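Asker: Please see the structure below; I have some questions.
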Amino acid sequence: MLEELGELTLLDEGDPQAFRVRAYESAYHGIESFAGDLRSMTVTALTKIEGIGKSTAEKIHALLHVGTVPKLEDLRKKHPKSVVAMLKIPGVGPKAIARLRKEIGVESIDDLKKAIADHKLRDMKGFGAKSEEKIEKALVRMAAFHGRTPISVALPLAQRIVRELSAVPGVVHAEYCGSLRRFSETAGDIDVVVASKDPEPVMERAVGLSMFAEVIARGSTKTSFLTKKGIQVDVRVVEPDSIGAALLYFTGSKGHNIKLRQRALDRKMTLSEYSLAELETGKVVASKTEEEVYAALGLPWIHPVLREDAGEIDLAEKGKLPHVMLGSDVRSDFHVHTGLSRDARGTLEEVVDMAIARGCEVLAITEHAEGLPMTGVGRDALVEQRARLAAVQAAVGDKISLLHGIELNIGAKGELDYDHEFRMLFDFCLASIHDHFDLDREAQTKRVIRAMEDPSVQMIGHLSARMIGARPGVELDMEAILAAAERTGTALEVNGGLPRLDVTLDVMRAARSRDVLFVLTSDAHLASELDRVDNAALHASRAWVDPAHVVSTWDRKRVLDWVKKKRVNAASIPVA
DNA sequence: GCCGTTTTCGGCCCGACTGTTTTCAGTCG
């Protein structure tokens, strides 16, 4: 509703700077990062949420309890969906839409296409042949590509661009920023910031990249282009002395930046992508590093994953920022495959060596169980692997504690692979959904809870089973799931595979008030993928998960005690 | 529409690029 109110108000008021539009945006972000249950809250309680005042609180309350919001209905009548859709056309904003409607009766994208075909735009004042052509091209691009790009696609691309531009002579620093640096699940575009005194060769290299398809804009310090897959890339070059201010600015989020700039003004300074400077004299106060700029604003450095304008600036001021977990905080991994699972590669020894090299203290090898078609592993091979694991353990000594685990499949009714006795022979069982994604909410919730109640299962793998940008997660009654996780002592996996990043942020946020444990895992299918626990750490940190609730940060003894705990307590788990 | 150790009214971030403009408006991030 808030997103829609923002769009409709933008159309209605015709000004991108419209304060009401921004208020709805900031309310939207406030809700997005809010952990509580809105349904049970009063209007007064709602106004306590960041960015929500009396008016928006009333609208939220009406939406949840009456089902309709008068202002929303009025705006919808004035600006039909087909008109709102035109806002999505790059280069077309509220002013243009208002004039197209008023002057040539364009009420939809189809109308607009006809008007362009009839060359009606070029005769309007303020438009011209080039504008017409630009919009036409934008429409073609939209048809070929819409929506945001999953992080699994965008991040490797961004890393490649950074590598290539770093190699250009004169470049002292290159880094991807924007939502990718904040570790968002999807990216609208790829922002790359480069520090160099000589921008031209950087721009040349950018448009010469093999992924390059088409220029959108090209200036002396900023170039925007589209890749062959249709993803927009913005490359910005700044003076090396400005790199700190530039990184800060291009990392965002927009809301975070606005708060920082406001904070600068309160202190008689102004913050731009070039520097933090005194308002009156223009004297530069800080610009070389992000730390300097934050410090000059009276703040500690804030990690990019926290920069979502969710109250982090207030917390930073009070010295109470949530702790951001990094890969280096992760001391164990509980979801790792070897080549025995047919969708994975690499030997047991390779995986163990790599884990030791990474400083991993506890490693569970967890192949796919036999129920997974094509890739699952049968009993005999697992028994054999157990013996082999013991031999490897003897060879490496106490450098690492190896656990023999298994990734069970949760059946449609919550049934698990093998039988109870065989499952209990494993040191560690995680259970995951790999099929029946279309069951209803009640059935999904039931099957997961039944798996949690099984005494062999210590952890639920990738709870939603979503694939970002490709498959939505299964429907679950989250409150019931979290309550069951608490009651049975079953941990929830934070899967570090970029296509998954599962559990989702909303689950981790909702769990903040509960005693639910999380485990960061790599779900590695190759030894080199063990570093995906870094992704899991960043993903969990985005939801402000307390490291105390993350098994992966615990020391070896505590982890090994935890692994045994549910097995010992198996008989005493209360039934729901 | 939100917000407040300067304020409950009067503010609200900042700059690049494009196209159609003789100095700027619109859009974007």
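FYI, nothing fancy with the structure tokens labels: chains A, B, ... in order, residues from 1 per chain, ligands from 1 as they appear.
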Please provide as a PyMOL selection string all residues within 8 Å of segment 376-385 of chain A, with the sequence filter that same-chain residues fewer than 3 positions apart are discarded (counting only C-alpha atoms (C1' of nucleotides)).
Answerer: chain A and resi 340-342+367-373+388-389
Asker: Please produce a file of the residues just selected, as an mmCIF file, in the first residue's frame, where the atoms kept are N, CA and C atoms.
Answerer:
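What landed in out_21.cif:
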data_model
loop_
_atom_site.group_PDB
_atom_site.id
_atom_site.type_symbol
_atom_site.label_atom_id
_atom_site.label_comp_id
_atom_site.auth_asym_id
_atom_site.auth_seq_id
_atom_site.Cartn_x
_atom_site.Cartn_y
_atom_site.Cartn_z
ATOM 1 N N LEU A 340 30.258 -37.369 -3.589
ATOM 2 C CA LEU A 340 29.375 -38.521 -3.375
ATOM 3 C C LEU A 340 27.923 -38.136 -3.719
ATOM 4 N N SER A 341 27.539 -36.919 -3.409
ATOM 5 C CA SER A 341 26.262 -36.399 -3.903
ATOM 6 C C SER A 341 26.474 -36.088 -5.369
ATOM 7 N N ARG A 342 25.593 -36.582 -6.231
ATOM 8 C CA ARG A 342 25.919 -36.520 -7.659
ATOM 9 C C ARG A 342 25.836 -35.105 -8.234
ATOM 10 N N GLU A 367 25.747 -35.259 2.815
ATOM 11 C CA GLU A 367 25.334 -35.583 1.446
ATOM 12 C C GLU A 367 23.808 -35.565 1.354
ATOM 13 N N HIS A 368 23.324 -35.601 0.112
ATOM 14 C CA HIS A 368 21.878 -35.709 -0.091
ATOM 15 C C HIS A 368 21.421 -37.116 0.274
ATOM 16 N N ALA A 369 20.297 -37.210 0.958
ATOM 17 C CA ALA A 369 19.754 -38.519 1.321
ATOM 18 C C ALA A 369 19.103 -39.193 0.114
ATOM 19 N N GLU A 370 18.861 -40.480 0.254
ATOM 20 C CA GLU A 370 18.490 -41.302 -0.903
ATOM 21 C C GLU A 370 17.199 -40.883 -1.608
ATOM 22 N N GLY A 371 16.330 -40.170 -0.887
ATOM 23 C CA GLY A 371 15.043 -39.803 -1.479
ATOM 24 C C GLY A 371 15.128 -38.757 -2.576
ATOM 25 N N LEU A 372 16.278 -38.092 -2.690
ATOM 26 C CA LEU A 372 16.383 -37.045 -3.717
ATOM 27 C C LEU A 372 16.723 -37.695 -5.052
ATOM 28 N N PRO A 373 15.840 -37.574 -6.036
ATOM 29 C CA PRO A 373 16.041 -38.279 -7.290
ATOM 30 C C PRO A 373 17.393 -37.927 -7.939
ATOM 31 N N ARG A 388 35.466 -43.746 6.254
ATOM 32 C CA ARG A 388 36.488 -42.934 5.627
ATOM 33 C C ARG A 388 36.678 -41.610 6.383
ATOM 34 N N LEU A 389 35.590 -41.067 6.838
ATOM 35 C CA LEU A 389 35.641 -39.814 7.596
ATOM 36 C C LEU A 389 36.433 -40.017 8.890
#
Asker: Where does chain A meet chain B within 7 Å, residue by residue, with the nearest atom pair and distance in Å to one decimal for each, counting only C-alpha atoms (C1' of nucleotides), listed by chain and rising number, as JSON lines?
Answerer:
{"residue": "A:Phe19", "atom": "CA", "partner": "B:DG1", "partner_atom": "C1'", "distance": 7.0}
{"residue": "A:Arg20", "atom": "CA", "partner": "B:DG1", "partner_atom": "C1'", "distance": 4.9}
{"residue": "A:Ala23", "atom": "CA", "partner": "B:DG1", "partner_atom": "C1'", "distance": 5.4}
{"residue": "A:Gly51", "atom": "CA", "partner": "B:DC2", "partner_atom": "C1'", "distance": 6.7}
{"residue": "A:Gly53", "atom": "CA", "partner": "B:DC2", "partner_atom": "C1'", "distance": 6.2}
{"residue": "A:Gly91", "atom": "CA", "partner": "B:DT27", "partner_atom": "C1'", "distance": 5.8}
{"residue": "A:Gly93", "atom": "CA", "partner": "B:DT27", "partner_atom": "C1'", "distance": 6.5}
{"residue": "A:Gly126", "atom": "CA", "partner": "B:DT20", "partner_atom": "C1'", "distance": 6.2}
{"residue": "A:Ala217", "atom": "CA", "partner": "B:DC17", "partner_atom": "C1'", "distance": 6.8}
{"residue": "A:Gly219", "atom": "CA", "partner": "B:DC17", "partner_atom": "C1'", "distance": 6.7}
{"residue": "A:Ile258", "atom": "CA", "partner": "B:DC13", "partner_atom": "C1'", "distance": 5.3}
{"residue": "A:Arg261", "atom": "CA", "partner": "B:DC13", "partner_atom": "C1'", "distance": 5.6}
{"residue": "A:Gln262", "atom": "CA", "partner": "B:DC13", "partner_atom": "C1'", "distance": 6.9}
{"residue": "A:Ser272", "atom": "CA", "partner": "B:DC14", "partner_atom": "C1'", "distance": 5.9}
Asker: So that I have them on file, write out the residues from the current selection with C-alpha atoms, as a compact mmCIF listing (two decimals), in the first residue's frame.
Answerer:
# COMPACT_ATOMS: atom_id res chain seq x y z
CA PHE A 19 7.67 15.60 0.42
CA ARG A 20 4.62 13.43 0.72
CA ALA A 23 7.33 10.40 3.50
CA GLY A 51 8.92 7.07 9.49
CA GLY A 53 3.24 9.38 11.73
CA GLY A 91 13.31 8.52 -18.66
CA GLY A 93 8.56 10.81 -15.10
CA GLY A 126 9.58 20.48 -24.51
CA ALA A 217 24.50 8.04 -21.03
CA GLY A 219 29.60 12.09 -19.67
CA ILE A 258 19.46 11.65 3.17
CA ARG A 261 23.17 14.83 4.68
CA GLN A 262 20.58 16.18 7.05
CA SER A 272 28.04 15.27 -1.44
Asker: Rank A:Leu306, A:Tyr294, A:His525, A:Leu265 by their smallest atom-to-atom distance to Leu348 of chain A, using only C-alpha atoms, and report the top residue only.
Answerer: A:His525
Asker: Looking only at the backbone, which of the residues in segment 129-213 of chain A does DSSP tag as strand (DSSP E or B), as number ranges by chain?
Answerer: A: 149-150, 171-176, 186-187, 190-196, 212-213
Asker: Next, the residues of the selection above should be written as a PDB file, in the first residue's frame with C-alpha atoms.
Answerer:
ATOM      1  CA  THR A 149      18.557  -8.965 -11.160  1.00  0.00           C
ATOM      2  CA  PRO A 150      19.212 -11.665  -8.539  1.00  0.00           C
ATOM      3  CA  VAL A 171      43.147   3.671 -11.285  1.00  0.00           C
ATOM      4  CA  VAL A 172      43.959   3.588  -7.569  1.00  0.00           C
ATOM      5  CA  HIS A 173      40.703   2.039  -6.384  1.00  0.00           C
ATOM      6  CA  ALA A 174      37.595   0.413  -7.864  1.00  0.00           C
ATOM      7  CA  GLU A 175      34.643  -1.021  -5.982  1.00  0.00           C
ATOM      8  CA  TYR A 176      31.054  -2.002  -6.592  1.00  0.00           C
ATOM      9  CA  THR A 186      18.421  -8.341  -5.910  1.00  0.00           C
ATOM     10  CA  ALA A 187      20.008  -5.405  -7.693  1.00  0.00           C
ATOM     11  CA  ILE A 190      25.311  -2.311 -10.869  1.00  0.00           C
ATOM     12  CA  ASP A 191      27.107   0.748  -9.485  1.00  0.00           C
ATOM     13  CA  VAL A 192      30.861   0.877  -9.788  1.00  0.00           C
ATOM     14  CA  VAL A 193      32.971   3.677  -8.321  1.00  0.00           C
ATOM     15  CA  VAL A 194      36.514   4.247  -9.550  1.00  0.00           C
ATOM     16  CA  ALA A 195      39.179   6.546  -8.152  1.00  0.00           C
ATOM     17  CA  SER A 196      41.468   8.003 -10.796  1.00  0.00           C
ATOM     18  CA  PHE A 212      28.868  -4.284 -23.037  1.00  0.00           C
ATOM     19  CA  ALA A 213      25.845  -3.829 -25.286  1.00  0.00           C
TER      20      ALA A 213
END
Asker: Quick one, how far is atom CA of Leu416 of chain A from atom CA of Asp440 of chain A?
Answerer: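 Value for the atom CA of Leu416 of chain A-atom CA of Asp440 of chain A distance: 19.5 Å.
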Asker: Could you give me, as a PyMOL selection string, the residues within 12 Å of segment 226-232 of chain A, counting only C-alpha atoms (C1' of nucleotides) and dropping anything in the same chain fewer than 2 positions from it?
Answerer: chain A and resi 90+138+140-151+153-155+157-158+161+186-192+206-218+223-224+234-235
Asker: Using the selection just defined, write its residues with N, CA and C atoms as a CSV table (one decimal), in the first residue's frame.
Answerer:
chain,number,residue,atom,x,y,z
A,90,PRO,N,12.0,4.0,-18.2
A,90,PRO,CA,13.1,4.8,-17.8
A,90,PRO,C,13.1,6.1,-18.6
A,138,ALA,N,13.5,3.0,-24.8
A,138,ALA,CA,13.3,2.6,-23.5
A,138,ALA,C,12.2,1.5,-23.4
A,140,VAL,N,11.3,-0.6,-25.8
A,140,VAL,CA,11.9,-1.8,-26.4
A,140,VAL,C,12.7,-2.6,-25.3
A,141,ARG,N,13.5,-1.8,-24.6
A,141,ARG,CA,14.3,-2.4,-23.5
A,141,ARG,C,13.4,-3.0,-22.4
A,142,MET,N,12.4,-2.3,-22.1
A,142,MET,CA,11.5,-2.8,-21.0
A,142,MET,C,10.8,-4.1,-21.4
A,143,ALA,N,10.5,-4.2,-22.7
A,143,ALA,CA,9.8,-5.4,-23.2
A,143,ALA,C,10.8,-6.6,-23.0
A,144,ALA,N,12.1,-6.3,-23.3
A,144,ALA,CA,13.1,-7.4,-23.2
A,144,ALA,C,13.5,-7.8,-21.8
A,145,PHE,N,13.4,-6.8,-20.9
A,145,PHE,CA,13.9,-7.0,-19.6
A,145,PHE,C,13.1,-6.2,-18.6
A,146,HIS,N,12.6,-6.9,-17.6
A,146,HIS,CA,12.1,-6.1,-16.5
A,146,HIS,C,12.4,-6.8,-15.1
A,147,GLY,N,12.3,-6.0,-14.1
A,147,GLY,CA,12.6,-6.5,-12.8
A,147,GLY,C,14.0,-6.4,-12.4
A,148,ARG,N,14.3,-6.7,-11.2
A,148,ARG,CA,15.6,-6.6,-10.7
A,148,ARG,C,16.4,-7.9,-10.9
A,149,THR,N,17.7,-7.8,-10.9
A,149,THR,CA,18.6,-9.0,-11.2
A,149,THR,C,18.9,-9.6,-9.9
A,150,PRO,N,18.8,-11.0,-9.8
A,150,PRO,CA,19.2,-11.7,-8.5
A,150,PRO,C,20.7,-11.4,-8.2
A,151,ILE,N,21.0,-11.4,-7.0
A,151,ILE,CA,22.4,-11.2,-6.5
A,151,ILE,C,23.3,-12.2,-7.1
A,153,VAL,N,23.4,-13.4,-10.0
A,153,VAL,CA,23.8,-13.0,-11.3
A,153,VAL,C,24.6,-11.7,-11.3
A,154,ALA,N,24.1,-10.7,-10.5
A,154,ALA,CA,24.7,-9.4,-10.5
A,154,ALA,C,26.0,-9.3,-9.8
A,155,LEU,N,26.2,-10.1,-8.7
A,155,LEU,CA,27.4,-9.9,-7.9
A,155,LEU,C,28.7,-10.4,-8.7
A,157,LEU,N,29.1,-10.5,-11.9
A,157,LEU,CA,29.2,-9.5,-12.9
A,157,LEU,C,29.9,-8.3,-12.4
A,158,ALA,N,29.5,-7.8,-11.3
A,158,ALA,CA,30.1,-6.6,-10.6
A,158,ALA,C,31.5,-6.9,-10.3
A,161,ILE,N,33.6,-6.6,-13.4
A,161,ILE,CA,33.8,-5.2,-13.9
A,161,ILE,C,34.8,-4.5,-13.0
A,186,THR,N,18.5,-8.7,-4.5
A,186,THR,CA,18.4,-8.3,-5.9
A,186,THR,C,19.0,-7.0,-6.1
A,187,ALA,N,19.4,-6.7,-7.4
A,187,ALA,CA,20.0,-5.4,-7.7
A,187,ALA,C,19.2,-4.8,-8.9
A,188,GLY,N,18.9,-3.5,-8.7
A,188,GLY,CA,18.3,-2.8,-9.9
A,188,GLY,C,19.3,-2.5,-10.9
A,189,ASP,N,20.5,-2.2,-10.5
A,189,ASP,CA,21.6,-2.0,-11.5
A,189,ASP,C,22.9,-2.2,-10.8
A,190,ILE,N,24.0,-2.1,-11.5
A,190,ILE,CA,25.3,-2.3,-10.9
A,190,ILE,C,26.0,-1.0,-10.8
A,191,ASP,N,26.4,-0.5,-9.6
A,191,ASP,CA,27.1,0.7,-9.5
A,191,ASP,C,28.6,0.5,-9.2
A,192,VAL,N,29.4,1.1,-10.0
A,192,VAL,CA,30.9,0.9,-9.8
A,192,VAL,C,31.5,2.2,-9.6
A,206,ALA,N,35.3,0.6,-20.0
A,206,ALA,CA,34.0,0.2,-19.6
A,206,ALA,C,33.1,-0.2,-20.8
A,207,VAL,N,33.2,0.7,-21.8
A,207,VAL,CA,32.3,0.4,-23.0
A,207,VAL,C,33.0,-0.6,-23.9
A,208,GLY,N,34.2,-1.0,-23.5
A,208,GLY,CA,34.9,-2.0,-24.3
A,208,GLY,C,34.8,-3.4,-23.7
A,209,LEU,N,34.1,-3.5,-22.5
A,209,LEU,CA,34.0,-4.8,-21.9
A,209,LEU,C,33.2,-5.8,-22.7
A,210,SER,N,33.5,-7.1,-22.6
A,210,SER,CA,32.8,-8.0,-23.5
A,210,SER,C,31.3,-8.1,-23.2
A,211,MET,N,30.9,-7.7,-22.0
A,211,MET,CA,29.5,-7.8,-21.6
A,211,MET,C,28.7,-6.6,-22.2
A,212,PHE,N,29.5,-5.6,-22.6
A,212,PHE,CA,28.9,-4.3,-23.0
A,212,PHE,C,27.9,-4.4,-24.2
A,213,ALA,N,26.8,-3.8,-24.2
A,213,ALA,CA,25.8,-3.8,-25.3
A,213,ALA,C,25.5,-2.5,-25.8
A,214,GLU,N,25.2,-1.5,-25.0
A,214,GLU,CA,24.7,-0.2,-25.5
A,214,GLU,C,24.8,0.9,-24.5
A,215,VAL,N,25.2,2.1,-24.9
A,215,VAL,CA,25.4,3.2,-24.0
A,215,VAL,C,24.0,3.9,-23.7
A,216,ILE,N,23.8,4.2,-22.4
A,216,ILE,CA,22.6,4.9,-22.1
A,216,ILE,C,22.9,6.4,-21.9
A,217,ALA,N,24.0,6.7,-21.2
A,217,ALA,CA,24.5,8.0,-21.0
A,217,ALA,C,26.0,8.0,-20.9
A,218,ARG,N,26.7,9.0,-21.4
A,218,ARG,CA,28.1,9.0,-21.3
A,218,ARG,C,28.6,10.5,-21.1
A,223,THR,N,29.4,7.1,-16.8
A,223,THR,CA,28.9,6.4,-17.9
A,223,THR,C,27.9,5.4,-17.5
A,224,SER,N,26.8,5.3,-18.2
A,224,SER,CA,25.8,4.3,-17.9
A,224,SER,C,25.7,3.4,-19.2
A,234,ASP,N,26.3,1.5,-14.0
A,234,ASP,CA,26.7,2.9,-13.9
A,234,ASP,C,28.2,2.9,-13.4
A,235,VAL,N,29.0,3.5,-14.2
A,235,VAL,CA,30.4,3.7,-13.7
A,235,VAL,C,30.7,5.1,-13.5
Asker: Could you tell me how far atom CA of Val519 of chain A sits from atom CA of Ser33 of chain A, in Å to one decimal place?
Answerer: 21.5 Å
Asker: Can you tell me how far atom CA of Ala391 of chain A sits from atom CA of Arg532 of chain A, in Å to one decimal?
Answerer: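 So the answer is 26.7 Å.
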Asker: Please identify all polymer residues within 10 Å of Ile406 of chain A, counting only C-alpha atoms (C1' of nucleotides), omitting same-chain residues fewer than 3 positions from it, and present them as a compact mmCIF listing (two decimals) with N, CA and C atoms, in the first residue's frame.
Answerer:
# COMPACT_ATOMS: atom_id res chain seq x y z
N PHE A 334 27.86 -26.61 8.71
CA PHE A 334 27.02 -27.79 8.92
C PHE A 334 26.24 -28.22 7.69
N HIS A 335 26.64 -27.72 6.53
CA HIS A 335 25.95 -28.14 5.31
C HIS A 335 26.96 -28.12 4.17
N VAL A 336 27.58 -29.28 3.95
CA VAL A 336 28.63 -29.37 2.94
C VAL A 336 28.53 -30.71 2.21
N HIS A 337 28.57 -30.67 0.90
CA HIS A 337 28.52 -31.89 0.08
C HIS A 337 29.90 -32.22 -0.47
N ALA A 364 30.53 -30.53 9.32
CA ALA A 364 29.65 -31.67 9.08
C ALA A 364 29.57 -31.91 7.58
N ILE A 365 29.87 -33.14 7.18
CA ILE A 365 29.70 -33.53 5.78
C ILE A 365 28.27 -34.05 5.64
N THR A 366 27.51 -33.44 4.76
CA THR A 366 26.07 -33.74 4.68
C THR A 366 25.66 -34.00 3.24
N GLU A 367 25.75 -35.26 2.82
CA GLU A 367 25.33 -35.58 1.45
C GLU A 367 23.81 -35.57 1.35
N HIS A 368 23.32 -35.60 0.11
CA HIS A 368 21.88 -35.71 -0.09
C HIS A 368 21.42 -37.12 0.27
N ALA A 369 20.30 -37.21 0.96
CA ALA A 369 19.75 -38.52 1.32
C ALA A 369 19.10 -39.19 0.11
N GLU A 370 18.86 -40.48 0.25
CA GLU A 370 18.49 -41.30 -0.90
C GLU A 370 17.20 -40.88 -1.61
N VAL A 377 22.11 -40.37 -1.90
CA VAL A 377 23.11 -41.40 -1.62
C VAL A 377 22.49 -42.52 -0.77
N LEU A 382 27.01 -44.49 2.39
CA LEU A 382 27.11 -43.61 3.56
C LEU A 382 27.88 -44.28 4.70
N LEU A 403 32.14 -34.19 11.56
CA LEU A 403 30.89 -34.86 11.90
C LEU A 403 30.35 -35.54 10.65
N ASN A 409 15.49 -35.30 3.17
CA ASN A 409 14.43 -34.65 2.41
C ASN A 409 13.14 -34.70 3.23
N ASP A 417 13.85 -39.55 5.12
CA ASP A 417 14.49 -40.70 4.46
C ASP A 417 14.94 -41.77 5.48
N ARG A 423 18.89 -43.07 10.83
CA ARG A 423 19.09 -41.62 10.95
C ARG A 423 19.86 -41.27 12.22
N PHE A 426 23.72 -40.95 12.44
CA PHE A 426 24.47 -39.77 11.99
C PHE A 426 24.74 -38.83 13.17
N ASP A 427 25.88 -38.13 13.11
CA ASP A 427 26.17 -37.12 14.13
C ASP A 427 25.25 -35.92 13.97
N PHE A 428 24.89 -35.67 12.71
CA PHE A 428 24.15 -34.43 12.45
C PHE A 428 23.19 -34.62 11.28
N CYS A 429 21.91 -34.28 11.49
CA CYS A 429 20.93 -34.34 10.41
C CYS A 429 20.33 -32.96 10.19
N LEU A 430 20.37 -32.51 8.92
CA LEU A 430 19.52 -31.37 8.58
C LEU A 430 18.45 -31.90 7.66
N ALA A 431 17.31 -31.25 7.68
CA ALA A 431 16.20 -31.70 6.84
C ALA A 431 15.71 -30.52 6.02
N VAL A 457 16.61 -34.77 13.85
CA VAL A 457 16.83 -33.54 13.07
C VAL A 457 17.27 -32.37 13.94
Asker: Go through segment 447-563 of chain A and collect every residue that DSSP, computed from the backbone, puts in helix (DSSP H, G or I); the answer should be as a VMD selection string.
Answerer: chain A and resid 447 to 453 478 to 488 505 to 513 527 to 542 547 to 549 551 to 553 556 to 563
